[in-house]
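Structure, as structure tokens:
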Amino acid sequence: MKYLTEYRNLEATKKYLELIDKTITKPWNIMEICGGQTHGLVKNGILDLLPDKVQMIHGPGCPVCVTPLNLIDKAIELLENGVIVCSFGDMIRVPGSKKSLLEAKADGGDLRILYSPIEAVKIAKNNPDKEVVFFAVGFETTAPANALSVLHAQKEGLENYSILVSHVLVPPAMEAILDDEFCNIDAFLGAGHVCAIMGYKEYFPLAEKYKIPIVITGFEPLDLVQGIYLSVKQLEDGNHKVENQYSRAVKEEGNVAAINVINQVFEVGHREWRGIGEIPNSGYVLTKEFKDFDAESKFGISNIKVPENPDCIAGEILRGIKKPRECSQFGKVCNPSNPLGAPMVSSEGACAAYYHFSNTLE
Amino acid sequence: MDKTELGFDSINLGHGSGGLMTRDLLDKIIFKTFSNPFLDQKHDGSIVKFDRPIAISTDSFVVSPIFFKGGNIGELAVHGTVNDVAMCGAIPRYLSLAFIIEEGMKMERFITIVESIKKAADISGVQIITGDTKVVERGKGDEIFINTTGFGEVNPKANISTDNIKVGDKIIINGYVAQHGMAIMSQREGLEFESTIESDSTNLNYLVNDLIDEFGDRIHLFRDPTRGGVASVLSEIAQDINLGVAIHEDKIPLEKQVAAACEILGLDPLYVANEGLFITIVDPEVADDVIEMMKNDEKGKNTACIGEITEEHPKKVVMKSVIGGKRIVSPMIGEQLPRIC
């Protein structure tokens, strides 16, 4: 198998862990942006293998975690009104203000768990008398497929297909984190798959403005320790460059065809981030030409802010200010069976990762 | 069996009504296919005699799609229960067989399922000795549900109990993980992908019995990791024995295509269902011999020792990753769902 076994190689990973140990002279805080990277770090036990001077801070790169409560409530409302709602798997257990999509399904809602939004278009075509909505959640990574689904639906002349958009963008999130007064991050591991789509040109101005190293990193154990090593090396040398560790998947210009599809259908707009608040120009919205495919416009959506559980510190977790174990509810009241907030439900969420993989390993 | 003998293309409510149509279905399909001295009496139940303690296990089968690469719901219904009886250290002898059929199921498909059950039962060495057939209205079933209850005689050499598990015991598995679950996944709506992954559904009773005959009470436990996968079974065991379970990621047998399919869908193979697998926990002194015996059997070619029982981290399963880090393997909460990214 190409790339997977090579990047799970024990000897190579050990070598980079040793290099980190030899290179580091003072404590550094490194944030990995992507939930998949958090998952990889915890699942492979890498956090315990790193020298103590490296502190990994977990970023907001879990699109499920940052999808606002009112969008989940809207999806549930659609289900209850006879709409076929299609969603990625990891969205369906996240609690809305009253229940999750999975519970709404058990109550009779027609919820379809899909891997690809193109399947949702097929469902719309096969059910012309029903409305079909795809819950379009994700960072830039899932945007091309969601955009393509809209183009397919347009080509087919479908009027019963729309997408409920909750796309968020990485660079504005990074800026919001860096601008936070409590920010203590020294370097970033950039989100590998987001950059596989978008390239990494957007990160040069960020690195320059904030004087912060950004290393675009993959997800396998060797990727992660290589990315951490390159970050530590830059920090020790006083550099603040953009580097690409994940060169086997990421080019500076990104995936041009995917970017073109995104730009055909989406434009940048304001987005609400659950646990963080509104970040200007931090998400995608459908362009005017495709407004008919926007479930929010089609069905109306309330802008009422739904209050979060006051005991949930998801916002601080997502901004990397606190770690899951610093939450008083972690593992007690709040656990995967009874989550108080999104980071405990989504498999990419920091709280869930810690709970599942390192609950008693201190 | 020619479906036209019954005069119907598909099952309808009359076939479950208990009247002549039911009798026709039973005579021409069920009794004809499964004929044996017990069923031929066509009584409400069958009387059997056992000379030794018996193990009883029941299971219901609701898999969809009912035909999948490597098998169908009928074979599964036999293998699943035969294996559960074997896990108790017993030799399966008899099965009960109950159908709940959705109105409209094609007769041809039903007959194929029945014939598969017969074939699987013969290979497993069990007889169908009693059963039931019900038909529910269209929309109230998923084409067909099957329940089987198995009865077996406990092997006098068997002493299967979590109470027997000790620190140092070895944990052995007989083959590749996640085959069955991924075979089903690859045909699920919205997730279809081209693959040749086949379900590993098979009967394990002969191999299990041979192991008991050879190693007796040095074998402390058998469990089959069906729904919830290897992780769930090991988590349950760890909880029950109040000791730790330590496993090694690099020792877990995983076939390349299955590994790739799990990666694509974002599923952890440790939580995916298996049907032709069992875990055995054995006295470390016999572990090597157990592995050798299993490897020499066609149902154990890819046998591996995946871990051991430890006094560290009681009640928890901890896995050492391929790169040497450690992580908890926690019990599954709800269904495992394909991930976004």
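Identifiers in this document derive from the order of the structure tokens: chains are assigned A, B, ..., residues are numbered from 1 separately in each chain, and ligands are numbered from 1 in order of occurrence.
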B:Ser96 surroundings by only C-alpha atoms, 12 Å radius, close-in-sequence under 5 positions cut, as a ChimeraX atom specification: /B:34,38-39,44-46,56-60,77-78,81-82,117,121,126-133,146-152
Could you write out the selected residues, including N, CA and C atoms, as a JSON list (two decimals), in the first residue's frame?
[["chain", "number", "residue", "atom", "x", "y", "z"],
["B", 34, "PHE", "N", -35.43, -29.35, 4.44],
["B", 34, "PHE", "CA", -34.75, -29.69, 5.69],
["B", 34, "PHE", "C", -35.08, -31.09, 6.21],
["B", 38, "PHE", "N", -36.77, -35.49, 12.79],
["B", 38, "PHE", "CA", -37.47, -34.58, 13.71],
["B", 38, "PHE", "C", -38.55, -33.80, 12.96],
["B", 39, "LEU", "N", -38.13, -33.13, 11.92],
["B", 39, "LEU", "CA", -39.06, -32.26, 11.20],
["B", 39, "LEU", "C", -40.15, -33.05, 10.50],
["B", 44, "ASP", "N", -45.57, -29.59, 16.70],
["B", 44, "ASP", "CA", -45.33, -28.23, 17.18],
["B", 44, "ASP", "C", -43.91, -28.03, 17.68],
["B", 45, "GLY", "N", -43.28, -29.11, 18.10],
["B", 45, "GLY", "CA", -41.91, -29.01, 18.59],
["B", 45, "GLY", "C", -41.23, -30.35, 18.41],
["B", 46, "SER", "N", -39.95, -30.43, 18.77],
["B", 46, "SER", "CA", -39.23, -31.70, 18.65],
["B", 46, "SER", "C", -38.65, -32.09, 19.98],
["B", 56, "ILE", "N", -27.06, -23.35, 25.03],
["B", 56, "ILE", "CA", -28.11, -22.81, 24.16],
["B", 56, "ILE", "C", -27.76, -21.37, 23.83],
["B", 57, "SER", "N", -27.93, -21.02, 22.57],
["B", 57, "SER", "CA", -27.70, -19.62, 22.18],
["B", 57, "SER", "C", -28.69, -19.21, 21.13],
["B", 58, "THR", "N", -29.14, -17.96, 21.19],
["B", 58, "THR", "CA", -30.09, -17.48, 20.19],
["B", 58, "THR", "C", -29.59, -16.19, 19.56],
["B", 59, "ASP", "N", -29.98, -15.96, 18.33],
["B", 59, "ASP", "CA", -29.56, -14.76, 17.63],
["B", 59, "ASP", "C", -30.58, -14.43, 16.54],
["B", 60, "SER", "N", -30.75, -13.16, 16.30],
["B", 60, "SER", "CA", -31.63, -12.75, 15.21],
["B", 60, "SER", "C", -30.82, -12.03, 14.15],
["B", 77, "ALA", "N", -27.32, -16.79, 9.38],
["B", 77, "ALA", "CA", -28.20, -17.23, 10.46],
["B", 77, "ALA", "C", -27.75, -18.58, 11.01],
["B", 78, "VAL", "N", -27.15, -19.39, 10.17],
["B", 78, "VAL", "CA", -26.64, -20.68, 10.65],
["B", 78, "VAL", "C", -25.28, -20.47, 11.34],
["B", 81, "THR", "N", -25.18, -18.57, 14.90],
["B", 81, "THR", "CA", -25.63, -19.30, 16.09],
["B", 81, "THR", "C", -24.77, -20.53, 16.35],
["B", 82, "VAL", "N", -24.37, -21.22, 15.29],
["B", 82, "VAL", "CA", -23.45, -22.36, 15.45],
["B", 82, "VAL", "C", -22.19, -21.88, 16.17],
["B", 117, "ILE", "N", -29.40, -22.03, 3.79],
["B", 117, "ILE", "CA", -29.46, -22.46, 5.18],
["B", 117, "ILE", "C", -29.19, -23.95, 5.27],
["B", 121, "ALA", "N", -26.09, -25.57, 7.17],
["B", 121, "ALA", "CA", -26.37, -26.47, 8.30],
["B", 121, "ALA", "C", -25.68, -27.81, 8.09],
["B", 126, "VAL", "N", -25.26, -29.54, 11.75],
["B", 126, "VAL", "CA", -26.45, -29.33, 12.60],
["B", 126, "VAL", "C", -27.72, -29.63, 11.81],
["B", 127, "GLN", "N", -28.76, -30.00, 12.58],
["B", 127, "GLN", "CA", -30.07, -30.24, 11.95],
["B", 127, "GLN", "C", -31.05, -29.17, 12.40],
["B", 128, "ILE", "N", -31.92, -28.79, 11.45],
["B", 128, "ILE", "CA", -33.01, -27.87, 11.79],
["B", 128, "ILE", "C", -34.14, -28.74, 12.32],
["B", 129, "ILE", "N", -34.54, -28.53, 13.58],
["B", 129, "ILE", "CA", -35.52, -29.46, 14.15],
["B", 129, "ILE", "C", -36.85, -28.83, 14.52],
["B", 130, "THR", "N", -36.92, -27.52, 14.47],
["B", 130, "THR", "CA", -38.20, -26.86, 14.71],
["B", 130, "THR", "C", -38.12, -25.44, 14.18],
["B", 131, "GLY", "N", -39.27, -24.83, 13.98],
["B", 131, "GLY", "CA", -39.21, -23.48, 13.43],
["B", 131, "GLY", "C", -40.55, -22.80, 13.38],
["B", 132, "ASP", "N", -40.55, -21.66, 12.69],
["B", 132, "ASP", "CA", -41.77, -20.87, 12.61],
["B", 132, "ASP", "C", -41.68, -19.98, 11.38],
["B", 133, "THR", "N", -42.82, -19.66, 10.79],
["B", 133, "THR", "CA", -42.83, -18.75, 9.64],
["B", 133, "THR", "C", -43.96, -17.76, 9.82],
["B", 146, "ILE", "N", -34.46, -13.27, 10.30],
["B", 146, "ILE", "CA", -34.36, -14.69, 10.69],
["B", 146, "ILE", "C", -33.88, -14.79, 12.13],
["B", 147, "ASN", "N", -34.48, -15.70, 12.88],
["B", 147, "ASN", "CA", -33.95, -16.02, 14.21],
["B", 147, "ASN", "C", -33.56, -17.48, 14.24],
["B", 148, "THR", "N", -32.39, -17.76, 14.80],
["B", 148, "THR", "CA", -32.02, -19.16, 15.02],
["B", 148, "THR", "C", -31.61, -19.33, 16.48],
["B", 149, "THR", "N", -31.98, -20.44, 17.04],
["B", 149, "THR", "CA", -31.52, -20.80, 18.38],
["B", 149, "THR", "C", -30.79, -22.12, 18.26],
["B", 150, "GLY", "N", -29.60, -22.18, 18.84],
["B", 150, "GLY", "CA", -28.78, -23.37, 18.67],
["B", 150, "GLY", "C", -28.65, -24.13, 19.99],
["B", 151, "PHE", "N", -28.53, -25.44, 19.87],
["B", 151, "PHE", "CA", -28.38, -26.31, 21.04],
["B", 151, "PHE", "C", -27.17, -27.20, 20.82],
["B", 152, "GLY", "N", -26.29, -27.27, 21.82],
["B", 152, "GLY", "CA", -25.11, -28.11, 21.63],
["B", 152, "GLY", "C", -24.73, -28.78, 22.93]]
Running DSSP on the backbone, which parts of stretch 90-282 of chain A land in strand (DSSP E or B), as a ChimeraX atom specification? /A:95,100,111-113,132-138,161-168,187-191,214-217,242-244,266-273,277-282
Non-local contacts of stretch 165-169 of chain B (10 Å; only C-alpha atoms; under 3 positions in same chain excluded) as a PDB file with C-alpha atoms, in the first residue's frame:
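As a result, out_23.pdb now contains:
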ATOM      1  CA  ILE B 160     -14.758 -21.847  29.338  1.00  0.00           C
ATOM      2  CA  SER B 161     -15.127 -18.948  31.721  1.00  0.00           C
ATOM      3  CA  THR B 162     -13.783 -15.445  32.203  1.00  0.00           C
ATOM      4  CA  ILE B 172      -5.174 -15.184  19.790  1.00  0.00           C
ATOM      5  CA  ARG B 218      -5.764 -24.569  29.108  1.00  0.00           C
ATOM      6  CA  ILE B 219      -8.144 -22.688  26.842  1.00  0.00           C
ATOM      7  CA  HIS B 220      -9.788 -20.157  29.119  1.00  0.00           C
ATOM      8  CA  LEU B 221     -12.158 -18.341  26.828  1.00  0.00           C
ATOM      9  CA  ILE B 237     -13.779  -8.985  28.648  1.00  0.00           C
ATOM     10  CA  ILE B 241     -12.163  -9.770  34.493  1.00  0.00           C
ATOM     11  CA  LEU B 243      -7.591  -7.026  34.538  1.00  0.00           C
ATOM     12  CA  GLY B 244      -5.993  -5.170  31.640  1.00  0.00           C
ATOM     13  CA  VAL B 245      -5.983  -6.222  28.008  1.00  0.00           C
ATOM     14  CA  THR B 280      -9.348 -17.283  22.212  1.00  0.00           C
ATOM     15  CA  ILE B 281      -7.579 -16.504  25.482  1.00  0.00           C
ATOM     16  CA  VAL B 282      -5.200 -19.261  26.473  1.00  0.00           C
ATOM     17  CA  ASP B 283      -2.607 -20.326  29.008  1.00  0.00           C
ATOM     18  CA  PRO B 284       0.681 -18.836  27.763  1.00  0.00           C
ATOM     19  CA  GLU B 285       2.386 -22.229  27.983  1.00  0.00           C
ATOM     20  CA  VAL B 286       0.201 -23.636  25.215  1.00  0.00           C
ATOM     21  CA  ALA B 287      -0.100 -20.459  23.117  1.00  0.00           C
ATOM     22  CA  GLY B 307      -1.843  -9.419  22.809  1.00  0.00           C
ATOM     23  CA  GLU B 308      -1.948 -10.528  26.399  1.00  0.00           C
ATOM     24  CA  ILE B 309      -3.712 -10.100  29.713  1.00  0.00           C
ATOM     25  CA  THR B 310      -1.906  -7.763  32.082  1.00  0.00           C
ATOM     26  CA  GLU B 311      -2.314  -6.457  35.607  1.00  0.00           C
ATOM     27  CA  GLU B 312      -1.723  -2.916  34.348  1.00  0.00           C
TER      28      GLU B 312
END
If you run DSSP on this backbone, which residues of stretch 114-214 of chain B come out as helix (DSSP H, G or I), and could you give them as a PyMOL selection string? chain B and resi 114-124+162-164+179-185+205-214
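Taking only C-alpha atoms, the non-local environment of B:Cys305 within 9 Å (same-chain residues fewer than 2 positions away omitted) comprises Lys170, Ile171, Ile172, Ile173, Asn174, Ile247, Lys251, Ile252, Ala287, Asp288, Ile291, Thr303, Gly307 and Glu308 of chain B.
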Close residues, stretch 87-91 of chain A itself excluded, 10 Å, only C-alpha atoms, min 3 positions apart in chain, as a short mmCIF file (atom, residue, chain, number, x, y, z; two decimals) with all heavy atoms, in the first residue's frame:
data_model
loop_
_atom_site.label_atom_id
_atom_site.label_comp_id
_atom_site.auth_asym_id
_atom_site.auth_seq_id
_atom_site.Cartn_x
_atom_site.Cartn_y
_atom_site.Cartn_z
N PRO A 63 -14.93 20.58 11.51
CA PRO A 63 -16.08 21.34 10.99
C PRO A 63 -17.38 20.96 11.66
O PRO A 63 -18.28 21.78 11.80
CB PRO A 63 -16.10 20.97 9.50
CG PRO A 63 -15.31 19.72 9.38
CD PRO A 63 -14.31 19.74 10.48
N VAL A 64 -17.44 19.72 12.12
CA VAL A 64 -18.63 19.27 12.84
C VAL A 64 -18.76 20.05 14.15
O VAL A 64 -19.84 20.50 14.52
CB VAL A 64 -18.54 17.76 13.09
CG1 VAL A 64 -19.56 17.30 14.09
CG2 VAL A 64 -18.67 17.01 11.79
N CYS A 65 -17.62 20.22 14.81
CA CYS A 65 -17.62 20.90 16.11
C CYS A 65 -18.04 22.36 15.99
O CYS A 65 -18.60 22.93 16.92
CB CYS A 65 -16.23 20.86 16.74
SG CYS A 65 -15.61 19.20 16.99
N THR A 67 -20.00 23.78 13.59
CA THR A 67 -21.29 24.05 12.95
C THR A 67 -22.26 24.59 14.00
O THR A 67 -22.48 23.98 15.03
CB THR A 67 -21.87 22.76 12.34
OG1 THR A 67 -21.00 22.32 11.30
CG2 THR A 67 -23.26 22.99 11.76
N ILE A 72 -28.06 22.98 13.01
CA ILE A 72 -28.46 21.61 13.34
C ILE A 72 -29.96 21.58 13.61
O ILE A 72 -30.68 20.70 13.14
CB ILE A 72 -27.68 21.09 14.56
CG1 ILE A 72 -26.18 21.09 14.26
CG2 ILE A 72 -28.15 19.68 14.94
CD1 ILE A 72 -25.32 20.69 15.43
N ALA A 75 -31.81 21.67 10.37
CA ALA A 75 -31.80 20.38 9.68
C ALA A 75 -32.84 19.45 10.30
O ALA A 75 -33.56 18.73 9.60
CB ALA A 75 -30.41 19.75 9.74
N ILE A 84 -36.19 15.08 2.92
CA ILE A 84 -35.14 14.06 3.03
C ILE A 84 -33.84 14.82 3.30
O ILE A 84 -33.39 15.61 2.47
CB ILE A 84 -34.99 13.25 1.73
CG1 ILE A 84 -36.30 12.51 1.42
CG2 ILE A 84 -33.84 12.25 1.86
CD1 ILE A 84 -36.28 11.76 0.10
N VAL A 94 -24.31 14.87 16.73
CA VAL A 94 -24.07 16.12 17.46
C VAL A 94 -25.41 16.66 17.97
O VAL A 94 -26.35 16.81 17.21
CB VAL A 94 -23.42 17.18 16.53
CG1 VAL A 94 -23.16 18.46 17.29
CG2 VAL A 94 -22.13 16.62 15.96
N PRO A 95 -25.50 16.95 19.24
CA PRO A 95 -26.78 17.43 19.76
C PRO A 95 -27.09 18.85 19.28
O PRO A 95 -26.22 19.70 19.29
CB PRO A 95 -26.61 17.40 21.28
CG PRO A 95 -25.16 17.27 21.53
CD PRO A 95 -24.47 16.84 20.29
N SER A 100 -30.48 15.33 18.52
CA SER A 100 -29.53 15.21 17.41
C SER A 100 -30.29 14.72 16.17
O SER A 100 -31.43 14.28 16.25
CB SER A 100 -28.44 14.20 17.77
OG SER A 100 -29.04 12.91 17.89
N LEU A 101 -29.61 14.77 15.03
CA LEU A 101 -30.21 14.28 13.79
C LEU A 101 -30.54 12.79 13.93
O LEU A 101 -31.56 12.32 13.42
CB LEU A 101 -29.24 14.48 12.62
CG LEU A 101 -29.19 15.91 12.06
CD1 LEU A 101 -27.96 16.10 11.20
CD2 LEU A 101 -30.44 16.20 11.25
N LEU A 102 -29.67 12.07 14.63
CA LEU A 102 -29.91 10.63 14.79
C LEU A 102 -31.19 10.37 15.57
O LEU A 102 -31.99 9.49 15.22
CB LEU A 102 -28.72 9.99 15.50
CG LEU A 102 -28.71 8.47 15.58
CD1 LEU A 102 -28.66 7.85 14.20
CD2 LEU A 102 -27.50 7.98 16.39
N LEU A 111 -33.60 10.53 7.29
CA LEU A 111 -32.21 10.97 7.28
C LEU A 111 -31.38 9.93 6.54
O LEU A 111 -31.47 8.75 6.84
CB LEU A 111 -31.70 11.11 8.72
CG LEU A 111 -30.23 11.48 8.92
CD1 LEU A 111 -29.99 12.92 8.53
CD2 LEU A 111 -29.81 11.25 10.37
N ARG A 112 -30.60 10.38 5.56
CA ARG A 112 -29.74 9.44 4.83
C ARG A 112 -28.29 9.78 5.13
O ARG A 112 -27.88 10.93 4.98
CB ARG A 112 -29.95 9.57 3.32
CG ARG A 112 -31.40 9.60 2.87
CD ARG A 112 -32.01 8.22 2.73
NE ARG A 112 -33.42 8.35 2.38
CZ ARG A 112 -33.92 8.12 1.17
NH1 ARG A 112 -33.13 7.74 0.19
NH2 ARG A 112 -35.23 8.25 0.96
N ILE A 113 -27.54 8.75 5.53
CA ILE A 113 -26.12 8.97 5.80
C ILE A 113 -25.36 8.68 4.52
O ILE A 113 -25.43 7.57 3.99
CB ILE A 113 -25.63 8.05 6.92
CG1 ILE A 113 -26.40 8.36 8.19
CG2 ILE A 113 -24.13 8.24 7.16
CD1 ILE A 113 -26.27 7.32 9.25
N LEU A 114 -24.68 9.69 4.01
CA LEU A 114 -23.99 9.54 2.73
C LEU A 114 -22.53 9.86 2.86
O LEU A 114 -22.10 10.57 3.77
CB LEU A 114 -24.60 10.49 1.68
CG LEU A 114 -26.09 10.36 1.38
CD1 LEU A 114 -26.45 11.35 0.29
CD2 LEU A 114 -26.44 8.95 0.95
N TYR A 115 -21.79 9.35 1.92
CA TYR A 115 -20.39 9.69 1.87
C TYR A 115 -20.16 10.81 0.86
O TYR A 115 -19.22 11.58 0.98
CB TYR A 115 -19.58 8.45 1.50
CG TYR A 115 -18.12 8.65 1.69
CD1 TYR A 115 -17.58 8.75 2.96
CD2 TYR A 115 -17.28 8.79 0.61
CE1 TYR A 115 -16.24 8.98 3.15
CE2 TYR A 115 -15.93 9.01 0.79
CZ TYR A 115 -15.42 9.10 2.06
OH TYR A 115 -14.09 9.33 2.25
N SER A 116 -21.01 10.87 -0.15
CA SER A 116 -20.81 11.85 -1.22
C SER A 116 -22.09 12.61 -1.49
O SER A 116 -23.16 12.02 -1.62
CB SER A 116 -20.37 11.12 -2.49
OG SER A 116 -20.59 11.93 -3.62
N PRO A 117 -21.99 13.96 -1.64
CA PRO A 117 -23.18 14.75 -1.94
C PRO A 117 -23.78 14.42 -3.31
O PRO A 117 -24.96 14.70 -3.56
CB PRO A 117 -22.69 16.20 -1.89
CG PRO A 117 -21.21 16.12 -2.02
CD PRO A 117 -20.78 14.81 -1.50
N ALA A 120 -26.71 12.47 -2.97
CA ALA A 120 -27.90 13.22 -2.57
C ALA A 120 -28.64 13.74 -3.80
O ALA A 120 -29.87 13.78 -3.83
CB ALA A 120 -27.52 14.38 -1.66
N VAL A 133 -32.33 17.83 1.00
CA VAL A 133 -31.32 18.81 1.44
C VAL A 133 -30.07 18.08 1.87
O VAL A 133 -30.13 17.12 2.64
CB VAL A 133 -31.86 19.65 2.64
CG1 VAL A 133 -30.75 20.50 3.25
CG2 VAL A 133 -33.02 20.54 2.19
N PHE A 134 -28.93 18.52 1.36
CA PHE A 134 -27.65 17.96 1.81
C PHE A 134 -27.02 18.92 2.80
O PHE A 134 -26.88 20.11 2.53
CB PHE A 134 -26.70 17.72 0.63
CG PHE A 134 -25.43 17.03 1.06
CD1 PHE A 134 -25.43 15.67 1.33
CD2 PHE A 134 -24.26 17.74 1.25
CE1 PHE A 134 -24.28 15.02 1.77
CE2 PHE A 134 -23.10 17.10 1.68
CZ PHE A 134 -23.11 15.74 1.94
N PHE A 135 -26.65 18.39 3.95
CA PHE A 135 -26.06 19.20 5.01
C PHE A 135 -24.57 19.37 4.67
O PHE A 135 -23.76 18.50 4.92
CB PHE A 135 -26.23 18.47 6.35
CG PHE A 135 -26.20 19.36 7.56
CD1 PHE A 135 -26.58 18.88 8.80
CD2 PHE A 135 -25.78 20.70 7.50
CE1 PHE A 135 -26.58 19.69 9.94
CE2 PHE A 135 -25.76 21.51 8.62
CZ PHE A 135 -26.17 20.99 9.84
N ALA A 136 -24.28 20.53 4.05
CA ALA A 136 -22.95 20.73 3.48
C ALA A 136 -21.99 21.32 4.51
O ALA A 136 -21.75 22.52 4.56
CB ALA A 136 -23.04 21.64 2.26
N VAL A 137 -21.45 20.43 5.31
CA VAL A 137 -20.55 20.82 6.39
C VAL A 137 -19.11 20.58 5.95
O VAL A 137 -18.83 19.64 5.23
CB VAL A 137 -20.85 19.95 7.63
CG1 VAL A 137 -19.82 20.16 8.72
CG2 VAL A 137 -22.24 20.22 8.15
N GLY A 138 -18.21 21.40 6.42
CA GLY A 138 -16.80 21.11 6.15
C GLY A 138 -15.96 22.35 6.00
O GLY A 138 -16.47 23.46 5.90
N LEU A 164 -27.61 22.85 2.70
CA LEU A 164 -27.59 23.67 3.91
C LEU A 164 -26.12 23.89 4.21
O LEU A 164 -25.41 22.98 4.62
CB LEU A 164 -28.29 22.91 5.05
CG LEU A 164 -28.52 23.65 6.37
CD1 LEU A 164 -29.39 24.87 6.17
CD2 LEU A 164 -29.17 22.71 7.38
N ALA A 342 -20.12 19.92 21.12
CA ALA A 342 -19.70 19.22 19.91
C ALA A 342 -18.33 18.54 19.99
O ALA A 342 -18.17 17.45 19.44
CB ALA A 342 -19.75 20.18 18.72
N VAL A 345 -18.56 14.94 20.78
CA VAL A 345 -19.35 14.02 19.96
C VAL A 345 -18.61 13.64 18.69
O VAL A 345 -18.53 12.47 18.32
CB VAL A 345 -20.68 14.66 19.53
CG1 VAL A 345 -21.42 13.74 18.58
CG2 VAL A 345 -21.52 14.94 20.75
N SER A 346 -18.10 14.65 18.02
CA SER A 346 -17.47 14.38 16.74
C SER A 346 -16.21 13.58 16.96
O SER A 346 -15.43 13.86 17.86
CB SER A 346 -17.13 15.70 16.07
OG SER A 346 -16.22 15.45 15.02
N SER A 347 -15.99 12.61 16.10
CA SER A 347 -14.78 11.79 16.24
C SER A 347 -13.52 12.61 15.99
O SER A 347 -12.42 12.20 16.32
CB SER A 347 -14.83 10.60 15.30
OG SER A 347 -15.06 11.04 13.99
N GLU A 348 -13.67 13.80 15.37
CA GLU A 348 -12.52 14.66 15.15
C GLU A 348 -12.32 15.65 16.29
O GLU A 348 -11.34 16.36 16.33
CB GLU A 348 -12.72 15.49 13.87
CG GLU A 348 -13.05 14.68 12.65
CD GLU A 348 -11.82 14.04 12.07
OE1 GLU A 348 -11.06 14.73 11.40
OE2 GLU A 348 -11.61 12.85 12.31
N LEU B 265 -13.28 5.21 4.20
CA LEU B 265 -14.53 5.56 4.87
C LEU B 265 -14.31 6.13 6.26
O LEU B 265 -15.26 6.53 6.92
CB LEU B 265 -15.44 4.33 4.97
CG LEU B 265 -15.96 3.79 3.65
CD1 LEU B 265 -16.92 2.63 3.89
CD2 LEU B 265 -16.68 4.88 2.86
N GLY B 266 -13.08 6.16 6.71
CA GLY B 266 -12.82 6.69 8.04
C GLY B 266 -13.34 5.79 9.14
O GLY B 266 -13.81 6.26 10.17
N GLU B 335 -23.44 3.39 16.79
CA GLU B 335 -22.86 2.82 15.58
C GLU B 335 -21.63 3.61 15.15
O GLU B 335 -21.58 4.81 15.34
CB GLU B 335 -23.88 2.95 14.45
CG GLU B 335 -24.74 1.73 14.26
CD GLU B 335 -25.45 1.80 12.92
OE1 GLU B 335 -24.79 1.65 11.88
OE2 GLU B 335 -26.68 2.03 12.94
N GLN B 336 -20.69 2.91 14.54
CA GLN B 336 -19.56 3.61 13.98
C GLN B 336 -20.04 4.23 12.68
O GLN B 336 -20.69 3.57 11.88
CB GLN B 336 -18.41 2.63 13.69
CG GLN B 336 -17.07 3.31 13.65
CD GLN B 336 -15.93 2.41 13.24
OE1 GLN B 336 -14.82 2.87 13.12
NE2 GLN B 336 -16.15 1.15 12.97
N LEU B 337 -19.74 5.52 12.46
CA LEU B 337 -20.25 6.21 11.28
C LEU B 337 -19.10 6.65 10.39
O LEU B 337 -18.06 7.05 10.89
CB LEU B 337 -21.05 7.45 11.72
CG LEU B 337 -22.26 7.12 12.60
CD1 LEU B 337 -22.72 8.35 13.34
CD2 LEU B 337 -23.38 6.57 11.74
N PRO B 338 -19.30 6.61 9.07
CA PRO B 338 -18.25 7.07 8.17
C PRO B 338 -17.96 8.55 8.42
O PRO B 338 -18.87 9.34 8.62
CB PRO B 338 -18.85 6.87 6.78
CG PRO B 338 -20.00 5.95 6.96
CD PRO B 338 -20.49 6.14 8.35
N ARG B 339 -16.69 8.90 8.45
CA ARG B 339 -16.30 10.27 8.80
C ARG B 339 -16.21 11.16 7.58
O ARG B 339 -15.98 10.70 6.47
CB ARG B 339 -14.95 10.23 9.50
CG ARG B 339 -15.03 9.69 10.91
CD ARG B 339 -13.65 9.38 11.46
NE ARG B 339 -12.65 10.32 11.01
CZ ARG B 339 -11.36 10.01 10.92
NH1 ARG B 339 -10.96 8.80 11.24
NH2 ARG B 339 -10.50 10.89 10.51
N ILE B 340 -16.28 12.46 7.83
CA ILE B 340 -16.20 13.44 6.75
C ILE B 340 -14.79 13.49 6.19
O ILE B 340 -14.57 13.48 5.01
CB ILE B 340 -16.51 14.87 7.26
CG1 ILE B 340 -17.97 15.02 7.62
CG2 ILE B 340 -16.15 15.89 6.21
CD1 ILE B 340 -18.31 16.39 8.12
N CYS B 341 -13.81 13.67 7.06
CA CYS B 341 -12.47 13.99 6.55
C CYS B 341 -11.41 13.47 7.50
O CYS B 341 -11.71 12.96 8.55
CB CYS B 341 -12.32 15.48 6.37
SG CYS B 341 -12.73 16.44 7.82
#
Could you tell me which of B:Asp224, B:Ile212, B:Ile29, B:Ile111 comes closest to B:Val290 if we count only C-alpha atoms?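 So, comparing all the options, the nearest one is B:Ile212.
When atom CA of A:Met198 is paired with atom CA of A:His167, their separation reads 13.9 Å.
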Between atom CA of B:Asp142 and atom CA of B:Ile66, what is the spacing in Å?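 Those two atoms sit 9.1 Å apart.
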Give me, as a list in words, all polymer residues having an atom no more than 8 Å from A:Pro213, counting only C-alpha atoms and skipping those fewer than 2 positions away in the same chain.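 Listed by chain and then number, they are Asp186, Ala187, Phe188, Ala207, Lys211, Val215, Ser231, Gln234, Leu235, Asn239, His240, Lys241, Val242 and Glu243 of chain A.
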